Amino acid sequence: MDPSQDRPGGRTEAGFGGVEDVRGRLGATGYLADDATATVVHLAGRLGKPVLVEGPAGVGKTELAKAVATALDADLVRLQCYEGLDEARALYEWDYKKQLLRIQHATAGERDAGWEDVHDDLFGEAYLLERPLLRALRAERDTVLLVDEVDKVDVEFEALLLEILSDFQVTIPELGTVRGRRPPFVVLTSNATRELSEALRRRCLYLHLEYPTIERERAIVTARVPDAPAALTDQVVRVVRSLRALELRKPPSISETLDWTRALIELGVQHVDEAAMSATLAVLLKHHRDLERAMGHLGAVTRPDAAPRSEAS
Ligand SMILES: Nc1ncnc2c1ncn2[C@@H]1O[C@H](COP(=O)(O)OP(=O)(O)OP(=O)(O)O)[C@@H](O)[C@H]1O
Ligand SMILES: [Mg+2]
């Protein structure tokens, strides 16, 4: 018997074996999860619930879904959300051009063909354009469905998502009820540009990602930029931490820390001093006002004691 039938929506077969297993397998893909992340991912797998990941830009929300897919050896189906996204782009649509050609063909050649036959044909599999949500629901292989930046969609679309996420199936009037072998592992990400409905939140397990601690960011840089010398990595993460403490419009994210480390290596910088800093600051900060503000604090942020060497998570 399929063990996933014990619990509606539950995923058991190829899932994670516990919190430490999640941490280890995500770590093997280069994604370093903290306790909260590993626990939520584990529970999401066991309970068959979507994970809603919120937090500022560049803290690893999207990457988490990719890492889960790699760790589970599952396919990743990504629905990139935007304002105005509708069912036709997200779920399915009928291939009107192909249908029209079929009708023309029928009226031109098969004069005897009954309208009923043609109609049934027109709304068959061959004329269906599958979009990400339907693809994830019908998948035969293990699938991670990433609904990225869900805060960008309209309220009406959120209602459709709710419906799909509550029982992992959808009814297409012409085809009937569609569901796959196993529900996908769903990750929704949000930058909180719009408040999501309570109903959607209730369906999900919630994970708030923040900028990492110095220790974790150092470990992330070491994992992602292995040729970075330890002393440089150490300095990079402390400088970034000090910059985040300034009141900036867009504080540097993990992506920028990684880009900056790569840039410093590219330029042969062994030690970040004020000159190296001002030459490369644009890799970290992308707003003119932030750059000006940071320039005014270069001495402070590059001091060896700029940020504490160690801190509790
Ligand atoms: N825990 C982590 N372990 C390893 N790398 C990480 C981690 N978190 C973030 N990263 C790195 O940071 C980069 C940015 O992460 P990601 O694109 O997932 O951010 P995001 O939160 O989705 O940002 P946005 O809101 O802008 O979409 C990733 O490409 C990855 O290299
Ligand atoms: Mg993202």
# chains A, B, ... in the order shown; residues from 1 in each chain; ligands from 1
>>> select_by_dssp(residues="range 178-241 of chain A", states="strand (DSSP E or B)", output="list in words")
Val178, Phe185, Val186, Val187, Leu188, Thr189, Ser190, Leu205, Tyr206, Leu207 and His208 of chain A
>>> closest_atom_pairs(of="chain A", to="ligand 1", cutoff="8 Å", atoms="only C-alpha atoms and all ligand atoms", output="tab-separated table")
residue	atom	partner	partner_atom_place_in_ligand_line	distance
A:Gly27	CA	ligand 1	3 (N)	7.6
A:Gly30	CA	ligand 1	4 (C)	5.5
A:Tyr31	CA	ligand 1	3 (N)	3.5
A:Leu32	CA	ligand 1	3 (N)	3.9
A:Ala33	CA	ligand 1	1 (N)	5.1
A:Asp34	CA	ligand 1	1 (N)	7.4
A:Glu54	CA	ligand 1	21 (O)	7.9
A:Gly55	CA	ligand 1	21 (O)	6.7
A:Pro56	CA	ligand 1	25 (O)	5.9
A:Ala57	CA	ligand 1	25 (O)	3.4
A:Gly58	CA	ligand 1	23 (O)	3.3
A:Val59	CA	ligand 1	21 (O)	4.0
A:Gly60	CA	ligand 1	18 (O)	3.2
A:Lys61	CA	ligand 1	21 (O)	3.7
A:Thr62	CA	ligand 1	18 (O)	3.7
A:Glu63	CA	ligand 1	18 (O)	3.5
A:Leu64	CA	ligand 1	18 (O)	6.2
A:Asp148	CA	ligand 1	27 (O)	7.7
A:Glu149	CA	ligand 1	27 (O)	7.1
A:Thr189	CA	ligand 1	22 (O)	7.2
A:Ser190	CA	ligand 1	25 (O)	7.1
A:Asn191	CA	ligand 1	25 (O)	5.7
A:Leu209	CA	ligand 1	21 (O)	7.8
A:Pro212	CA	ligand 1	1 (N)	7.8
A:Arg216	CA	ligand 1	1 (N)	7.8
A:Glu217	CA	ligand 1	2 (C)	7.9
A:Ile220	CA	ligand 1	4 (C)	4.9
A:Val221	CA	ligand 1	5 (N)	7.6
A:Ala223	CA	ligand 1	4 (C)	7.2
A:Arg224	CA	ligand 1	31 (O)	6.7
A:Ser253	CA	ligand 1	14 (C)	7.4
A:Ile254	CA	ligand 1	12 (O)	4.6
A:Ser255	CA	ligand 1	13 (C)	4.2
A:Glu256	CA	ligand 1	12 (O)	7.9
A:Leu258	CA	ligand 1	31 (O)	7.2
>>> select_by_dssp(residues="range 204-290 of chain A", states="helix (DSSP H, G or I)", output="count of residues only")
54
>>> residues_around(residues="range 264-275 of chain A", least_positions_apart="4", cutoff="9 Å", atoms="only C-alpha atoms", output="list in words")
Asp227, Ala228, Pro229, Ala231, Leu232, Gln235, Val236, Val239, Asp259, Trp260, Ala279, Thr280, Leu298, Gly299, Val301, Thr302 and Arg303 of chain A
>>> residues_around(residues="range 137-144 of chain A", least_positions_apart="4", cutoff="7 Å", atoms="only C-alpha atoms", output="VMD selection string")
chain A and resid 69 74 to 77 133 168 to 169 178 to 181 183 to 186
>>> write_last_selection(atoms="C-alpha atoms", output="CSV table (one decimal), in the first residue's frame")
chain,number,residue,atom,x,y,z
A,69,ALA,CA,14.8,19.3,-4.9
A,74,ALA,CA,13.2,15.5,-7.3
A,75,ASP,CA,12.2,17.6,-10.3
A,76,LEU,CA,11.9,21.3,-9.6
A,77,VAL,CA,8.8,23.0,-11.1
A,133,LEU,CA,0.9,24.2,-11.3
A,168,PHE,CA,-3.3,18.9,-4.1
A,169,GLN,CA,-5.8,18.3,-6.9
A,178,VAL,CA,-6.4,15.7,-11.8
A,179,ARG,CA,-3.9,14.6,-9.2
A,180,GLY,CA,-0.5,13.0,-9.4
A,181,ARG,CA,1.0,9.9,-7.9
A,183,PRO,CA,1.6,15.5,-3.9
A,184,PRO,CA,4.6,17.8,-4.6
A,185,PHE,CA,6.7,19.3,-1.9
A,186,VAL,CA,5.6,22.9,-2.0
>>> atom_distance(atom1="CA of Thr171 in chain A", atom2="CA of Arg46 in chain A")
25.7 Å
>>> residues_around(residues="range 83-99 of chain A", least_positions_apart="6", cutoff="6 Å", atoms="only C-alpha atoms", output="JSON, numbers by chain")
{"A": [122, 127, 128, 129, 130, 131, 132, 133, 134, 152, 153]}
>>> write_last_selection(atoms="C-alpha atoms", output="mmCIF file, in the first residue's frame")
data_model
loop_
_atom_site.group_PDB
_atom_site.id
_atom_site.type_symbol
_atom_site.label_atom_id
_atom_site.label_comp_id
_atom_site.auth_asym_id
_atom_site.auth_seq_id
_atom_site.Cartn_x
_atom_site.Cartn_y
_atom_site.Cartn_z
ATOM 1 C CA LEU A 122 -10.571 19.425 -29.115
ATOM 2 C CA TYR A 127 -4.688 20.356 -27.045
ATOM 3 C CA LEU A 128 -3.862 21.002 -23.402
ATOM 4 C CA LEU A 129 -1.068 23.410 -22.562
ATOM 5 C CA GLU A 130 0.204 22.393 -19.184
ATOM 6 C CA ARG A 131 1.499 25.222 -16.980
ATOM 7 C CA PRO A 132 3.640 24.849 -13.830
ATOM 8 C CA LEU A 133 0.868 24.165 -11.276
ATOM 9 C CA LEU A 134 -0.727 21.451 -13.386
ATOM 10 C CA LYS A 152 3.247 39.592 -6.140
ATOM 11 C CA VAL A 153 0.007 37.859 -7.209
#
>>> residues_around(residues="Leu243 in chain A", least_positions_apart="6", cutoff="10 Å", atoms="only C-alpha atoms", output="PDB file with C-alpha atoms, in the first residue's frame")
ATOM      1  CA  VAL A 237      31.590  38.448   6.636  1.00  0.00           C
ATOM      2  CA  PRO A 251      21.534  46.012   3.064  1.00  0.00           C
ATOM      3  CA  PRO A 252      23.887  43.532   1.371  1.00  0.00           C
ATOM      4  CA  LEU A 284      27.777  45.081  -2.291  1.00  0.00           C
ATOM      5  CA  LEU A 285      25.544  48.126  -2.458  1.00  0.00           C
ATOM      6  CA  ASP A 290      23.690  53.535   0.402  1.00  0.00           C
ATOM      7  CA  ARG A 293      26.515  56.357   3.479  1.00  0.00           C
ATOM      8  CA  ALA A 294      28.911  53.406   3.510  1.00  0.00           C
ATOM      9  CA  HIS A 297      31.855  54.705   7.435  1.00  0.00           C
ATOM     10  CA  LEU A 298      34.692  52.937   5.597  1.00  0.00           C
ATOM     11  CA  ALA A 300      34.637  51.904  10.967  1.00  0.00           C
ATOM     12  CA  VAL A 301      33.471  48.922   8.926  1.00  0.00           C
ATOM     13  CA  THR A 302      36.965  47.733   7.947  1.00  0.00           C
ATOM     14  CA  ALA A 306      34.082  46.009  13.291  1.00  0.00           C
ATOM     15  CA  ALA A 307      31.730  43.166  14.116  1.00  0.00           C
TER      16      ALA A 307
END
>>> residues_around(residues="Ala44 in chain A", least_positions_apart="3", cutoff="10 Å", atoms="only C-alpha atoms", output="list in words")
Gly10, Arg11, Gly15, Phe16, Ala38, Thr39, Val40, Val41, Leu47, Gly48, Lys49, Pro50, Val51, Phe185, Val186, Val187, Cys204, Leu205 and Tyr206 of chain A
>>> closest_residue(among="A:Thr70, A:Ser166, A:Ser242, A:Thr193", to="Ile214 in chain A", atoms="only C-alpha atoms")
A:Ser242
>>> atom_distance(atom1="CA of Val147 in chain A", atom2="CA of Leu79 in chain A")
4.8 Å
>>> atom_distance(atom1="CA of Val170 in chain A", atom2="CA of Asp73 in chain A")
25.1 Å
>>> closest_residue(among="A:Glu163, A:Asp151, A:Glu174, A:Glu292", to="ligand 2", atoms="only C-alpha atoms and all ligand atoms")
A:Asp151
>>> closest_residue(among="A:Val53, A:Leu165, A:Ala71, A:Leu281", to="ligand 2", atoms="only C-alpha atoms and all ligand atoms")
A:Val53
>>> closest_residue(among="A:Ala230, A:Arg23, A:Arg218, A:Leu188", to="ligand 2", atoms="only C-alpha atoms and all ligand atoms")
A:Leu188
>>> closest_residue(among="A:Arg249, A:Lys66, A:Arg25, A:His42", to="ligand 2", atoms="only C-alpha atoms and all ligand atoms")
A:Lys66
>>> closest_residue(among="A:Leu207, A:Gly176, A:Ile103, A:Leu200", to="Leu160 in chain A", atoms="only C-alpha atoms")
A:Leu200
